[in-house]
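S.K.: Quick one: this structure, given as structure tokens, is what I'll be asking you about.
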Amino acid sequence: MSREEKQLEMTLDAVQNRLNDLKVSIGAMVHKLETEYEFINWPTFLDNFALISSHLTGLSKILSKEICPPLRNRTVLPLMLSPERDEALIQLTQGRVPVFSHDIVPDYLRTKPEPMAEQKMLQNEQKAANLSAEAAAKQVAQHNKVVSHILDMVSKKREEWDIESSSRAGIQQTSSMADTNTLVAAVGMGKGLKMVVPGGGPGSMMVPPAIRPPAPMSSVSPGGVSQLGKAPSAIKTNIKSAMQVHPFQR
């Protein structure tokens, strides 16, 4: 085995190990998103994403080493194509590829982007190549100006939010929920109030309006003086009865 072949084998082993780690990390992240989507928090999601990013960075470092042979110069060809179900292929791909036929080989062994995507990329590259240096600098300056304006707006809004939150934290509370509940219970149900009888003796309590007996109707005397609930005098009643029994004679 030549030196280049040994380097290629070592590189492929390292790439395969890194790809396996990347596959496990992606699988764990997808599993958490599917099963723990109600409880997962943002820091946990960022940790999983950072782990995936580290595996991708390690894979890029392996491919960018000098001892790594240029893999793009290698050609990958299928050894056997069959429309029949391949159990070994199913096990190797964990059930993702059941057959290796002529229909799916162009998609799985594609080394170039799709024709439509490649055409669009070529159009963008041509447009960028035909752009003059002055126009490109002008567009870059305009883009930076827009980005700086948005950044200033976001920073200003953040400062306002910080000032507002700090001012809210410094405001002293002028009310008490416990006192409010006590007051409502006292007014509505008479809780904690003392009964006060007309005599005003010790131990008397107030009766709340909800259970207080109705007051007697007021009457107006012939002289126009209001008498609140005043019982008729016994003397007047006797005089009236005597006048009816013994009328005055002229």
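Going by the structure tokens order, chains are called A, B, ..., each with residues numbered from 1, while ligands are numbered from 1 in the order shown.
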Residues within 7 Å of range 5-8 of chain A, please, as an NGL selection string. Count only C-alpha atoms; anything in the same chain fewer than 4 positions from it doesn't count.
M.R.: :A and (1 or 12 or 67-69)
S.K.: Next, dump the selected residues to file, keeping only C-alpha atoms, as a tab-separated table (two decimals), in the first residue's frame.
M.R.:
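Output file result.tsv is given in full below:
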chain	number	residue	atom	x	y	z
A	1	MET	CA	0.00	0.00	0.00
A	12	LEU	CA	-11.58	8.48	5.53
A	67	ILE	CA	-1.98	15.33	4.69
A	68	CYS	CA	-5.56	14.96	3.48
A	69	PRO	CA	-5.56	14.02	-0.21
S.K.: Give me, as a PyMOL selection string, the residues of range 95-149 of chain A that a backbone DSSP run labels alpha helix (DSSP H).
M.R.: chain A and resi 105-108+115-130+133-149
S.K.: Might you pull out every residue within 12 Å of Leu77 in chain A, with only C-alpha atoms counted and same-chain residues fewer than 4 positions away left off, and present them as a ChimeraX atom specification?
M.R.: /A:81,105-106,108-111
S.K.: Can you list, as a count of residues only, every protein, DNA or RNA residue that comes within 7 Å of range 91-104 of chain A when you count only C-alpha atoms, leaving out same-chain residues fewer than 6 positions away?
M.R.: 5
S.K.: Taking only C-alpha atoms into account, name the residue in A:Asn181, A:Asn130, A:Asn41, A:Ser53 that is nearest to Ile26 in chain A.
M.R.: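 Among the listed residues, the smallest separation from Ile26 in chain A belongs to A:Ser53.
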S.K.: Go ahead and compute the interatomic distance for CA of Leu122 in chain A and CA of Asn73 in chain A, in Å to one decimal.
M.R.: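 We find that CA of Leu122 in chain A and CA of Asn73 in chain A lie 22.3 Å from each other.
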S.K.: Pick out the residues sitting within 12 Å of Asn17 in chain A, and hand them over as a list in words; count only C-alpha atoms, and ignore anything fewer than 3 positions along from it in its own chain.
M.R.: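 After dropping sequence-adjacent residues, the list is Met10, Thr11, Leu12, Asp13, Ala14, Asn20, Asp21, Leu22, Lys23, Val24, His55, Leu56, Gly58, Leu59 and Ile62 of chain A.
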